[in-house]
>>> print(open('target_16.txt').read())   # compact mmCIF, C-alpha atoms
# COMPACT_ATOMS: atom_id res chain seq x y z
CA MET A 1 -47.80 -43.55 -16.45
CA GLN A 2 -48.88 -41.00 -13.86
CA ASN A 3 -46.40 -39.19 -11.63
CA VAL A 4 -47.33 -39.27 -7.92
CA LEU A 5 -45.54 -36.89 -5.60
CA VAL A 6 -44.76 -38.48 -2.23
CA PRO A 7 -44.57 -35.71 0.39
CA THR A 8 -42.71 -35.76 3.68
CA LEU A 9 -44.65 -38.25 5.76
CA ASN A 10 -44.67 -38.44 9.52
CA ASP A 11 -47.00 -40.84 11.36
CA GLY A 12 -49.85 -38.55 12.47
CA GLN A 13 -53.43 -38.68 11.29
CA TYR A 14 -52.79 -35.99 8.67
CA ASP A 15 -49.97 -38.09 7.22
CA PHE A 16 -52.20 -41.15 6.98
CA LEU A 17 -54.84 -39.06 5.19
CA ARG A 18 -52.16 -38.13 2.64
CA LEU A 19 -51.31 -41.82 2.27
CA PHE A 20 -54.99 -42.64 1.69
CA GLN A 21 -55.07 -40.01 -1.11
CA ILE A 22 -52.03 -41.68 -2.68
CA TRP A 23 -53.71 -45.09 -2.30
CA GLU A 24 -56.79 -43.78 -4.14
CA THR A 25 -54.66 -42.31 -6.92
CA VAL A 26 -52.47 -45.38 -7.41
CA SER A 27 -55.11 -48.06 -7.05
CA THR A 28 -57.30 -46.48 -9.74
CA ALA A 29 -54.52 -45.97 -12.32
CA PRO A 30 -54.13 -48.96 -14.64
CA GLN A 31 -51.62 -46.96 -16.70
CA GLY A 32 -49.18 -47.27 -13.78
CA THR A 33 -47.46 -44.97 -11.30
CA ARG A 34 -44.06 -43.37 -10.93
CA PHE A 35 -43.41 -42.47 -7.28
CA ASP A 36 -41.60 -39.11 -7.19
CA PHE A 37 -39.93 -38.09 -3.91
CA SER A 38 -38.74 -34.62 -4.98
CA TYR A 39 -40.55 -32.94 -2.06
CA CYS A 40 -39.99 -35.64 0.55
CA THR A 41 -37.52 -34.90 3.35
CA PHE A 42 -38.29 -37.94 5.50
CA LEU A 43 -40.53 -41.00 5.74
CA ARG A 44 -41.62 -42.67 8.94
CA PRO A 45 -41.81 -46.49 9.03
CA SER A 46 -45.61 -46.43 8.71
CA ALA A 47 -45.25 -44.61 5.37
CA VAL A 48 -42.56 -47.05 4.23
CA ALA A 49 -44.74 -50.08 5.04
CA PHE A 50 -47.79 -48.45 3.44
CA LEU A 51 -46.03 -47.38 0.22
CA GLY A 52 -44.35 -50.77 -0.14
CA GLY A 53 -47.65 -52.59 0.23
CA LEU A 54 -49.38 -50.16 -2.11
CA ALA A 55 -46.74 -50.73 -4.79
CA ARG A 56 -47.27 -54.50 -4.48
CA LEU A 57 -51.03 -54.01 -4.64
CA ALA A 58 -50.68 -52.07 -7.88
CA GLN A 59 -48.35 -54.74 -9.29
CA HIS A 60 -50.86 -57.41 -8.23
CA HIS A 61 -53.40 -55.67 -10.49
CA ASN A 62 -50.78 -55.52 -13.27
CA TYR A 63 -50.44 -51.75 -12.92
CA PRO A 64 -46.78 -50.83 -13.56
CA VAL A 65 -44.89 -49.17 -10.70
CA THR A 66 -41.53 -47.44 -10.65
CA PHE A 67 -39.68 -45.58 -7.93
CA ALA A 68 -37.81 -42.50 -9.17
CA TRP A 69 -34.71 -43.18 -7.07
CA GLU A 70 -32.97 -40.14 -8.55
CA THR A 71 -35.58 -37.84 -6.92
CA ILE A 72 -34.92 -39.12 -3.38
CA SER A 73 -32.81 -36.96 -1.08
CA GLY A 74 -29.70 -38.40 0.56
CA ALA A 75 -31.14 -38.94 4.04
CA VAL A 76 -34.37 -40.51 2.79
CA MET A 77 -32.45 -42.70 0.35
CA ALA A 78 -30.07 -43.80 3.11
CA ASN A 79 -33.08 -44.81 5.22
CA LEU A 80 -34.75 -46.69 2.36
CA CYS A 81 -31.49 -48.48 1.59
CA GLN A 82 -30.82 -49.28 5.24
CA ASN A 83 -34.25 -50.78 5.89
CA GLY A 84 -34.12 -52.85 2.69
CA PHE A 85 -37.06 -51.12 0.99
CA ALA A 86 -34.90 -49.93 -1.92
CA SER A 87 -33.48 -53.37 -2.66
CA SER A 88 -36.98 -54.91 -2.42
CA PHE A 89 -37.99 -52.68 -5.35
CA GLY A 90 -34.96 -53.24 -7.51
CA HIS A 91 -32.36 -50.75 -6.27
CA PRO A 92 -28.90 -52.37 -6.14
CA SER A 93 -28.01 -51.10 -2.64
CA PRO A 94 -28.17 -53.79 0.07
CA GLY A 95 -29.66 -53.06 3.50
CA TRP A 96 -27.55 -52.69 6.63
CA ASN A 97 -28.02 -52.54 10.39
CA GLY A 98 -28.75 -49.08 11.77
CA ASN A 99 -31.68 -47.70 13.72
CA SER A 100 -34.07 -49.00 11.09
CA ILE A 101 -35.93 -52.25 11.48
CA PRO A 102 -36.13 -53.85 8.04
CA PHE A 103 -39.04 -53.43 5.67
CA ARG A 104 -40.73 -56.83 5.51
CA GLU A 105 -43.31 -58.32 3.18
CA ASP A 106 -45.23 -61.51 3.98
CA ARG A 107 -47.59 -62.88 1.36
CA VAL A 108 -48.66 -65.71 3.66
CA SER A 109 -48.47 -66.22 7.40
CA ALA A 110 -44.92 -67.45 8.01
CA THR A 111 -44.97 -67.83 11.77
CA ASP A 112 -41.33 -68.51 12.59
CA PRO A 113 -39.78 -65.92 10.21
CA ILE A 114 -42.13 -63.22 11.53
CA LEU A 115 -41.45 -64.16 15.15
CA ASP A 116 -37.70 -64.18 14.42
CA TYR A 117 -38.06 -60.71 12.87
CA LEU A 118 -39.81 -59.41 15.97
CA THR A 119 -37.47 -61.18 18.39
CA ASP A 120 -34.12 -60.57 16.69
CA LEU A 121 -34.50 -57.50 14.48
CA TRP A 122 -37.13 -55.45 16.29
CA LEU A 123 -36.42 -56.19 19.96
CA GLY A 124 -33.15 -58.08 19.91
CA ARG A 125 -30.80 -55.31 18.83
CA GLY A 126 -29.89 -54.23 22.35
CA TRP A 127 -31.99 -51.07 22.43
CA VAL A 128 -34.65 -52.51 24.71
CA GLN A 129 -33.02 -53.38 28.00
CA VAL A 130 -35.40 -56.03 29.28
CA SER A 131 -35.07 -59.68 30.19
CA PRO A 132 -35.49 -62.46 27.62
CA LEU A 133 -38.76 -63.42 29.36
CA LEU A 134 -40.23 -59.99 28.77
CA LYS A 135 -38.97 -59.82 25.20
CA ASP A 136 -40.80 -63.06 24.54
CA ALA A 137 -43.93 -61.65 26.19
CA ILE A 138 -43.83 -58.58 23.92
CA VAL A 139 -43.31 -60.69 20.81
CA GLY A 140 -46.28 -62.92 21.67
CA LYS A 141 -48.54 -59.92 22.08
CA VAL A 142 -47.38 -58.15 18.93
CA TRP A 143 -47.87 -61.39 17.02
CA GLU A 144 -51.59 -60.99 17.67
CA ILE A 145 -51.58 -58.14 15.10
CA TYR A 146 -50.14 -60.38 12.43
CA THR A 147 -52.51 -63.23 13.17
CA ASN A 148 -55.47 -60.83 12.94
CA SER A 149 -54.24 -59.49 9.61
CA PHE A 150 -53.66 -62.88 8.08
CA GLU A 151 -56.84 -64.43 9.41
CA HIS A 152 -59.33 -61.63 8.92
CA SER A 153 -58.17 -59.23 6.23
CA ALA A 154 -58.14 -61.50 3.14
CA SER A 155 -55.42 -59.21 1.79
CA SER A 156 -54.51 -60.32 -1.72
CA VAL A 157 -50.96 -59.06 -1.31
CA GLY A 158 -50.24 -60.04 2.28
CA VAL A 159 -48.91 -57.97 5.17
CA TYR A 160 -46.18 -55.28 5.22
CA SER A 161 -44.09 -54.22 8.20
CA CYS A 162 -41.44 -51.66 8.96
CA GLY A 163 -40.07 -50.27 12.19
CA GLN A 164 -37.56 -47.90 13.67
CA TYR A 165 -35.85 -47.14 16.94
CA PHE A 166 -36.05 -43.44 17.78
CA GLN A 167 -33.02 -42.76 19.92
CA ALA A 168 -34.01 -39.25 21.05
CA MET A 169 -37.36 -40.49 22.40
CA ASN A 170 -36.00 -43.93 23.42
CA GLN A 171 -39.01 -45.30 21.59
CA LEU A 172 -39.51 -48.31 19.39
CA ALA A 173 -42.07 -48.18 16.58
CA LEU A 174 -43.54 -50.92 14.43
CA SER A 175 -46.06 -50.49 11.66
CA VAL A 176 -48.03 -53.40 10.16
CA VAL A 177 -50.22 -52.77 7.11
CA ASP A 178 -52.54 -54.98 5.08
CA PHE A 179 -54.65 -54.17 2.03
CA GLY A 180 -57.59 -56.42 2.81
CA MET A 181 -61.21 -55.54 3.45
CA GLY A 182 -60.68 -53.64 6.72
CA ILE A 183 -62.19 -54.35 10.14
CA PRO A 184 -65.45 -52.32 9.81
CA THR A 185 -66.23 -53.96 6.45
CA LYS A 186 -65.51 -57.39 7.93
CA ILE A 187 -67.87 -56.74 10.84
CA ARG A 188 -70.68 -55.42 8.62
CA ARG A 189 -70.38 -58.52 6.43
CA TYR A 190 -70.39 -60.75 9.50
CA LEU A 191 -73.61 -59.13 10.68
CA GLN A 192 -75.22 -58.81 7.24
CA SER A 193 -78.24 -60.95 8.13
CA ASP A 194 -79.43 -57.87 10.05
CA PRO A 195 -80.08 -55.05 7.53
CA ARG A 196 -79.21 -52.42 10.15
CA ALA A 197 -75.59 -53.61 10.01
CA ALA A 198 -75.01 -51.73 6.74
CA ASN A 199 -75.48 -48.44 8.58
CA LEU A 200 -73.16 -49.06 11.51
CA LEU A 201 -70.50 -46.40 11.90
CA SER A 202 -66.99 -47.62 11.18
CA SER A 203 -65.77 -46.24 14.49
CA SER A 204 -68.48 -48.21 16.34
CA CYS A 205 -67.46 -51.38 14.52
CA LEU A 206 -63.85 -50.82 15.52
CA GLU A 207 -64.86 -50.17 19.12
CA TRP A 208 -66.78 -53.47 19.15
CA ALA A 209 -63.72 -55.29 17.80
CA PHE A 210 -61.59 -53.84 20.60
CA GLN A 211 -63.74 -55.41 23.31
CA SER A 212 -62.57 -58.64 24.89
CA GLY A 213 -64.17 -61.78 23.48
CA ASN A 214 -65.67 -60.11 20.39
CA THR A 215 -64.69 -61.76 17.12
CA THR A 216 -65.96 -62.48 13.63
CA SER A 217 -64.22 -65.87 13.57
CA HIS A 218 -66.45 -68.75 12.64
CA GLN A 219 -64.97 -71.73 14.45
CA PRO A 220 -67.73 -73.51 16.36
CA GLY A 221 -66.76 -74.34 19.91
CA VAL A 222 -63.69 -72.11 20.06
CA ALA A 223 -63.86 -68.81 21.94
CA ARG A 224 -61.71 -66.10 20.35
CA GLY A 225 -61.30 -62.34 20.43
CA LEU A 226 -58.53 -61.86 22.99
CA GLY A 227 -55.63 -60.73 20.81
CA LEU A 228 -56.33 -57.00 20.68
CA ASP A 229 -57.32 -57.02 24.31
CA LEU A 230 -54.02 -58.59 25.41
CA LEU A 231 -52.07 -56.18 23.24
CA LYS A 232 -53.84 -53.04 24.38
CA GLU A 233 -53.38 -53.97 28.04
CA PHE A 234 -49.70 -54.34 27.45
CA ILE A 235 -49.54 -50.98 25.64
CA ARG A 236 -51.31 -49.32 28.57
CA ILE A 237 -48.83 -50.75 31.07
CA ASN A 238 -45.90 -49.68 28.91
CA GLN A 239 -47.39 -46.19 28.50
CA GLY A 240 -46.91 -46.64 24.78
CA SER A 241 -49.53 -46.27 22.09
CA LEU A 242 -51.46 -48.42 19.67
CA GLU A 243 -53.12 -46.74 16.69
CA ILE A 244 -55.30 -48.47 14.12
CA TYR A 245 -56.55 -47.06 10.83
CA SER A 246 -59.09 -49.37 9.21
CA ASN A 247 -61.33 -48.26 6.33
CA ASN A 248 -62.36 -44.78 7.46
CA ALA A 249 -62.13 -45.51 11.19
CA TYR A 250 -59.36 -44.59 13.57
CA ALA A 251 -58.65 -45.94 17.06
CA ILE A 252 -55.98 -45.04 19.55
CA VAL A 253 -55.03 -46.68 22.85
CA ASP A 254 -52.61 -44.76 25.01
CA ARG A 255 -52.16 -43.57 28.57
CA ASN A 256 -55.37 -41.54 28.24
CA GLY A 257 -57.51 -44.56 27.39
CA GLU A 258 -59.20 -45.60 24.15
CA ARG A 259 -60.73 -43.29 21.56
CA PHE A 260 -62.53 -44.09 18.32
CA GLN A 261 -63.23 -41.74 15.47
CA ASP A 262 -64.68 -41.68 11.95
CA MET A 263 -62.51 -39.91 9.40
CA ASN A 264 -63.41 -38.19 6.13
CA SER A 265 -61.42 -40.66 4.10
CA GLY A 266 -59.80 -44.05 4.43
CA PHE A 267 -58.57 -47.04 2.50
CA ALA A 268 -59.37 -50.69 1.92
CA GLY A 269 -57.23 -52.29 4.57
CA THR A 270 -55.84 -51.86 8.05
CA ALA A 271 -52.72 -50.06 9.25
CA VAL A 272 -51.46 -50.62 12.80
CA LEU A 273 -48.85 -48.47 14.48
CA ILE A 274 -47.36 -49.49 17.82
CA LYS A 275 -44.98 -47.35 19.84
CA LEU A 276 -43.28 -48.81 22.88
CA ASN A 277 -41.17 -47.01 25.44
CA CYS A 278 -37.78 -48.64 25.87
CA ASP A 279 -37.78 -48.08 29.61
CA GLU A 280 -37.42 -51.28 31.57
CA THR A 281 -39.14 -49.86 34.63
CA LEU A 282 -42.37 -49.76 32.61
CA TYR A 283 -42.30 -53.40 31.71
CA HIS A 284 -44.19 -55.07 34.51
CA PHE A 285 -47.05 -57.49 34.50
CA ARG A 286 -48.35 -56.19 37.79
CA GLY A 287 -51.63 -54.48 37.03
CA GLU A 288 -52.66 -56.98 34.38
CA PHE A 289 -53.45 -59.46 37.13
CA PRO A 290 -53.32 -57.80 40.52
CA ASN A 291 -53.23 -61.10 42.42
CA ARG A 292 -50.07 -62.19 40.67
CA GLY A 293 -46.53 -61.07 41.18
CA GLU A 294 -44.33 -59.29 38.69
CA ALA A 295 -42.69 -61.23 35.92
CA GLU A 296 -39.23 -60.43 37.17
CA MET B 1 -50.54 -88.86 30.53
CA ARG B 2 -47.59 -86.50 30.32
CA LEU B 3 -46.46 -84.39 27.35
CA VAL B 4 -43.32 -82.29 27.06
CA ILE B 5 -44.56 -79.41 24.93
CA SER B 6 -41.13 -78.33 23.66
CA GLU B 7 -40.77 -81.80 22.14
CA THR B 8 -44.27 -82.15 20.69
CA ILE B 9 -44.94 -78.52 19.65
CA GLY B 10 -41.68 -76.56 20.01
CA ALA B 11 -40.43 -73.51 21.89
CA ARG B 12 -43.27 -71.36 20.53
CA CYS B 13 -46.90 -71.99 21.37
CA ILE B 14 -48.44 -69.50 18.99
CA VAL B 15 -50.67 -70.83 16.24
CA ALA B 16 -54.13 -72.40 16.26
CA GLU B 17 -53.03 -75.51 14.34
CA ASP B 18 -50.56 -76.48 17.08
CA GLY B 19 -53.22 -75.78 19.68
CA GLN B 20 -55.67 -78.04 17.89
CA ARG B 21 -53.09 -80.87 17.83
CA LEU B 22 -52.55 -80.56 21.56
CA HIS B 23 -56.30 -80.42 22.21
CA ASP B 24 -56.86 -83.60 20.20
CA ALA B 25 -54.09 -85.39 22.11
CA VAL B 26 -55.49 -84.66 25.57
CA VAL B 27 -59.26 -84.26 25.29
CA GLY B 28 -60.06 -87.99 25.54
CA HIS B 29 -58.01 -88.39 28.71
CA LEU B 30 -59.68 -85.42 30.36
CA ARG B 31 -63.13 -86.67 29.34
CA ASP B 32 -62.24 -89.89 31.20
CA ASN B 33 -61.16 -87.88 34.24
CA GLU B 34 -57.53 -88.90 33.87
CA ASP B 35 -54.71 -86.62 35.01
CA VAL B 36 -52.90 -84.84 32.16
CA PHE B 37 -49.53 -83.21 32.80
CA LEU B 38 -48.28 -80.67 30.24
CA ASP B 39 -44.67 -79.58 30.70
CA PHE B 40 -44.14 -76.07 29.24
CA SER B 41 -40.73 -75.56 30.81
CA GLU B 42 -38.76 -74.96 27.59
CA VAL B 43 -41.47 -72.92 25.87
CA ARG B 44 -40.65 -69.22 25.42
CA GLN B 45 -43.36 -67.54 23.39
CA PHE B 46 -47.13 -67.72 23.68
CA ALA B 47 -50.12 -66.24 21.87
CA SER B 48 -53.85 -66.56 22.34
CA PRO B 49 -54.70 -68.60 19.20
CA PHE B 50 -52.68 -71.53 20.53
CA PHE B 51 -54.42 -71.54 23.91
CA ASN B 52 -57.88 -70.82 22.46
CA PHE B 53 -57.66 -74.06 20.53
CA SER B 54 -55.67 -76.21 22.98
CA ILE B 55 -57.10 -75.26 26.39
CA GLY B 56 -60.12 -73.01 25.86
CA GLN B 57 -61.76 -75.48 23.51
CA LEU B 58 -61.54 -78.21 26.19
CA LEU B 59 -64.38 -76.50 28.05
CA ASN B 60 -66.77 -77.91 25.42
CA ASP B 61 -66.05 -81.38 26.81
CA VAL B 62 -64.90 -80.84 30.38
CA SER B 63 -66.24 -78.61 33.14
CA GLU B 64 -63.99 -75.81 34.36
CA VAL B 65 -63.80 -77.54 37.75
CA ASN B 66 -62.59 -80.78 36.21
CA LEU B 67 -60.25 -78.94 33.86
CA ARG B 68 -58.53 -77.30 36.80
CA LYS B 69 -58.53 -80.60 38.72
CA PHE B 70 -57.15 -82.91 36.04
CA LEU B 71 -55.11 -80.64 33.74
CA HIS B 72 -51.73 -79.80 35.26
CA LEU B 73 -49.70 -77.08 33.53
CA GLU B 74 -46.09 -77.38 34.66
CA GLY B 75 -43.22 -74.98 34.02
CA LEU B 76 -45.48 -72.38 32.44
CA ASN B 77 -43.93 -68.93 32.78
CA GLU B 78 -45.79 -65.79 33.85
CA THR B 79 -46.54 -64.76 30.27
CA GLY B 80 -48.09 -68.11 29.45
CA ARG B 81 -50.10 -68.20 32.69
CA ILE B 82 -51.60 -64.79 31.96
CA VAL B 83 -52.72 -65.87 28.49
CA VAL B 84 -54.11 -69.21 29.74
CA GLU B 85 -56.14 -67.57 32.49
CA ARG B 86 -57.60 -65.06 30.04
CA VAL B 87 -58.42 -67.82 27.58
CA ILE B 88 -60.20 -69.93 30.22
CA ALA B 89 -62.19 -66.91 31.43
CA ASN B 90 -63.16 -66.04 27.86
CA ALA B 91 -64.09 -69.64 26.96
CA SER B 92 -66.20 -70.08 30.08
CA LYS B 93 -68.53 -67.26 29.04
CA TYR B 94 -68.51 -68.23 25.34
CA GLN B 95 -71.83 -68.86 23.65
CA ASN B 96 -71.74 -70.92 20.53
CA ASN B 97 -74.86 -69.56 18.89
CA GLU B 98 -74.15 -66.07 17.67
CA ASP B 99 -77.06 -63.69 18.04
CA TYR B 100 -76.29 -61.26 15.24
CA ARG B 101 -79.30 -59.11 16.04
CA LYS B 102 -78.09 -58.66 19.61
CA ILE B 103 -74.60 -57.73 18.40
CA VAL B 104 -76.10 -55.05 16.13
CA ASP B 105 -78.25 -53.85 19.05
CA ASP B 106 -75.13 -53.62 21.22
CA ILE B 107 -73.15 -51.68 18.62
CA LEU B 108 -76.06 -49.30 17.98
CA GLU B 109 -76.46 -48.73 21.71
CA GLN B 110 -72.77 -48.00 22.04
CA GLN B 111 -73.02 -45.72 18.98
CA ALA B 112 -75.90 -43.80 20.54
CA LYS B 113 -73.88 -43.28 23.73
CA GLY B 114 -71.06 -41.83 21.64
CA GLU B 115 -73.44 -39.35 20.01
CA ASP B 116 -74.74 -38.05 23.37
>>> encode(input="target_16.txt", output="structure tokens")
Amino acid sequence: MQNVLVPTLNDGQYDFLRLFQIWETVSTAPQGTRFDFSYCTFLRPSAVAFLGGLARLAQHHNYPVTFAWETISGAVMANLCQNGFASSFGHPSPGWNGNSIPFREDRVSATDPILDYLTDLWLGRGWVQVSPLLKDAIVGKVWEIYTNSFEHSASSVGVYSCGQYFQAMNQLALSVVDFGMGIPTKIRRYLQSDPRAANLLSSSCLEWAFQSGNTTSHQPGVARGLGLDLLKEFIRINQGSLEIYSNNAYAIVDRNGERFQDMNSGFAGTAVLIKLNCDETLYHFRGEFPNRGEAE
Amino acid sequence: MRLVISETIGARCIVAEDGQRLHDAVVGHLRDNEDVFLDFSEVRQFASPFFNFSIGQLLNDVSEVNLRKFLHLEGLNETGRIVVERVIANASKYQNNEDYRKIVDDILEQQAKGED
């Protein structure tokens, strides 16, 4: 069994590149992996969701996985216990309510449990001071990420989520990760009747997927392709951010607009990171549809 | 006809399967130019897959003018109205026959702009 050192992992692009290196190491090691946290001083929710999904992916391939709990520092261990990650992987400590939003694994699309998670555990803990109507609006838009993952990714191990409320920044984060084929690969396959499709840049594929009405869904007579568009509009109004890592492509939507980039490495799958500002004055629908009034 | 959505679907109008059920229940009436009243007053959460299949898909059988004339959405909150309007706009420009070559052309054109 190989020993893989998990470093301190924030949620920037550099941190995701480290995660992709770990993915490469673990997913090509049939002898199994021991995750060693000796040099890890904290883990953001995106790393928790990614590592949890990666461990399940390895187990799915019958590669043994162990977490060296004894190597984890007190603060990191407290976080992994609080968000339920530790108990999901065999540690006896139960989770508890703190600033963490529980680690969640969904092998299949379980609509009501996921919506309850978003409504009650992500938004419903009193840290976002908005009306029930607006909470429901946020949940509906964030659901679009899950429906995309379940419908398009063909992830053999499902979808993994974890979140956190960052008190100092008054910011709410949610990370959703799948280990499917990734958006650029899906688009190239969809367009494979044209040989030029094989050479499309991943970033260009991702940019195409971000445009309203574009979809790879094959359902004759049903127009699709609005989910990402609805979500990114909401993110823009909230002055939050939406980041997507898919294969070797990266996209970000924030107050400065949308940017797409090809990276030097990637992984088979898609990781989404949403950050919302918990400031009620930002939560307005005005601007989405100028002829309509505000929601409140 | 009149349907209370919270009773037939529930408080969440989210998934495509529920949307398809609603579509199948109303499409015949709208084809016959009958008024259809859908009461969304107790529905709290909405997502585009539901409306793509329930409302957007109706434009295959009914013109947008007749859809707006005969389909009456009651008690729909602001969130739901925003999604419905986007779905109708998207469905009205939808083309069933995918032109893969044109999509590749579009992506390559966009790619070339990015390289400028």
>>> closest_atom_pairs(input="target_16.txt", of="chain A", to="chain B", cutoff="6 Å", atoms="all atoms listed in the file", output="JSON lines")
{"residue": "A:Asp136", "atom": "CA", "partner": "B:Gln45", "partner_atom": "CA", "distance": 5.3}
{"residue": "A:Ala137", "atom": "CA", "partner": "B:Thr79", "partner_atom": "CA", "distance": 5.8}
{"residue": "A:Gly140", "atom": "CA", "partner": "B:Ala47", "partner_atom": "CA", "distance": 5.1}
{"residue": "A:Leu191", "atom": "CA", "partner": "B:Tyr100", "partner_atom": "CA", "distance": 5.7}
{"residue": "A:Ser204", "atom": "CA", "partner": "B:Gln111", "partner_atom": "CA", "distance": 5.8}
{"residue": "A:Val222", "atom": "CA", "partner": "B:Gln57", "partner_atom": "CA", "distance": 5.2}
{"residue": "A:Ala223", "atom": "CA", "partner": "B:Ala91", "partner_atom": "CA", "distance": 5.1}
{"residue": "A:Ala295", "atom": "CA", "partner": "B:Glu78", "partner_atom": "CA", "distance": 5.9}
>>> residues_around(input="target_16.txt", residues="Glu105 in chain A", least_positions_apart="4", cutoff="7 Å", atoms="all atoms listed in the file", output="mmCIF file with C-alpha atoms, keeping the file's coordinate frame")
data_model
loop_
_atom_site.group_PDB
_atom_site.id
_atom_site.type_symbol
_atom_site.label_atom_id
_atom_site.label_comp_id
_atom_site.auth_asym_id
_atom_site.auth_seq_id
_atom_site.Cartn_x
_atom_site.Cartn_y
_atom_site.Cartn_z
ATOM 1 C CA VAL A 159 -48.910 -57.970 5.170
ATOM 2 C CA TYR A 160 -46.180 -55.280 5.220
ATOM 3 C CA SER A 161 -44.090 -54.220 8.200
#
>>> closest_residue(input="target_16.txt", among="B:Leu3, B:Leu71, B:Thr8, B:Gly19", to="Asp32 in chain B", atoms="only C-alpha atoms")
B:Leu71
>>> residues_around(input="target_16.txt", residues="Thr216 in chain A", least_positions_apart="2", cutoff="8 Å", atoms="all atoms listed in the file", output="PyMOL selection string")
chain A and resi 186-187+190+214+218
>>> atom_distance(input="target_16.txt", atom1="CA of Arg125 in chain A", atom2="CA of Phe103 in chain A")
15.6 Å
>>> atom_distance(input="target_16.txt", atom1="CA of Asn97 in chain A", atom2="CA of Thr71 in chain A")
23.9 Å
>>> atom_distance(input="target_16.txt", atom1="CA of Glu34 in chain B", atom2="CA of Gly10 in chain B")
24.4 Å
>>> residues_around(input="target_16.txt", residues="Arg2 in chain B", least_positions_apart="3", cutoff="8 Å", atoms="only C-alpha atoms", output="ChimeraX atom specification")
/B:36-39
>>> write_last_selection(input="target_16.txt", atoms="C-alpha atoms", output="mmCIF file, keeping the file's coordinate frame")
data_model
loop_
_atom_site.group_PDB
_atom_site.id
_atom_site.type_symbol
_atom_site.label_atom_id
_atom_site.label_comp_id
_atom_site.auth_asym_id
_atom_site.auth_seq_id
_atom_site.Cartn_x
_atom_site.Cartn_y
_atom_site.Cartn_z
ATOM 1 C CA VAL B 36 -52.900 -84.840 32.160
ATOM 2 C CA PHE B 37 -49.530 -83.210 32.800
ATOM 3 C CA LEU B 38 -48.280 -80.670 30.240
ATOM 4 C CA ASP B 39 -44.670 -79.580 30.700
#
>>> closest_residue(input="target_16.txt", among="A:Leu172, A:Pro92, A:Asp36, A:Ser109", to="Ser73 in chain A", atoms="all atoms listed in the file")
A:Asp36
>>> closest_residue(input="target_16.txt", among="A:Phe50, A:Phe210, A:Tyr39, A:Trp122", to="Arg259 in chain A", atoms="all atoms listed in the file")
A:Phe210
>>> residues_around(input="target_16.txt", residues="Phe166 in chain A", least_positions_apart="2", cutoff="10 Å", atoms="all atoms listed in the file", output="PyMOL selection string")
chain A and resi 99-100+127+163-164+168-173+275+277-278
>>> write_last_selection(input="target_16.txt", atoms="C-alpha atoms", output="mmCIF file, in the coordinates of the input")
data_model
loop_
_atom_site.group_PDB
_atom_site.id
_atom_site.type_symbol
_atom_site.label_atom_id
_atom_site.label_comp_id
_atom_site.auth_asym_id
_atom_site.auth_seq_id
_atom_site.Cartn_x
_atom_site.Cartn_y
_atom_site.Cartn_z
ATOM 1 C CA ASN A 99 -31.680 -47.700 13.720
ATOM 2 C CA SER A 100 -34.070 -49.000 11.090
ATOM 3 C CA TRP A 127 -31.990 -51.070 22.430
ATOM 4 C CA GLY A 163 -40.070 -50.270 12.190
ATOM 5 C CA GLN A 164 -37.560 -47.900 13.670
ATOM 6 C CA ALA A 168 -34.010 -39.250 21.050
ATOM 7 C CA MET A 169 -37.360 -40.490 22.400
ATOM 8 C CA ASN A 170 -36.000 -43.930 23.420
ATOM 9 C CA GLN A 171 -39.010 -45.300 21.590
ATOM 10 C CA LEU A 172 -39.510 -48.310 19.390
ATOM 11 C CA ALA A 173 -42.070 -48.180 16.580
ATOM 12 C CA LYS A 275 -44.980 -47.350 19.840
ATOM 13 C CA ASN A 277 -41.170 -47.010 25.440
ATOM 14 C CA CYS A 278 -37.780 -48.640 25.870
#
>>> closest_residue(input="target_16.txt", among="A:Val4, A:Leu115, A:Asp106, A:Pro45", to="Gln82 in chain A", atoms="only C-alpha atoms")
A:Pro45
>>> residues_near_point(input="target_16.txt", point="(-60.2, -88.1, 38.9)", cutoff="8 Å", atoms="only C-alpha atoms", output="NGL selection string")
:B and (33-35 or 69-70)
>>> closest_residue(input="target_16.txt", among="A:Pro102, A:Pro113, A:Gly257, A:Gly52", to="Arg236 in chain A", atoms="only C-alpha atoms")
A:Gly257
>>> residues_near_point(input="target_16.txt", point="(-52.0, -41.8, -13.8)", cutoff="6 Å", atoms="all atoms listed in the file", output="PyMOL selection string")
chain A and resi 1-2+29+31
>>> closest_residue(input="target_16.txt", among="A:Gly213, A:Gly269, A:Gly126, A:Gly74", to="Ser153 in chain A", atoms="all atoms listed in the file")
A:Gly269
>>> build_atoms(input="target_16.txt", residues="range 56-60 of chain B", atoms="N, CA and C atoms", output="CSV table (one decimal), in the coordinates of the input")
chain,number,residue,atom,x,y,z
B,56,GLY,N,-58.8,-73.6,25.8
B,56,GLY,CA,-60.1,-73.0,25.9
B,56,GLY,C,-61.2,-74.0,25.3
B,57,GLN,N,-60.8,-74.6,24.2
B,57,GLN,CA,-61.8,-75.5,23.5
B,57,GLN,C,-62.1,-76.7,24.4
B,58,LEU,N,-61.3,-77.0,25.3
B,58,LEU,CA,-61.5,-78.2,26.2
B,58,LEU,C,-62.8,-78.0,27.0
B,59,LEU,N,-63.2,-76.7,27.2
B,59,LEU,CA,-64.4,-76.5,28.0
B,59,LEU,C,-65.7,-76.9,27.4
B,60,ASN,N,-65.6,-77.3,26.1
B,60,ASN,CA,-66.8,-77.9,25.4
B,60,ASN,C,-67.0,-79.3,25.9
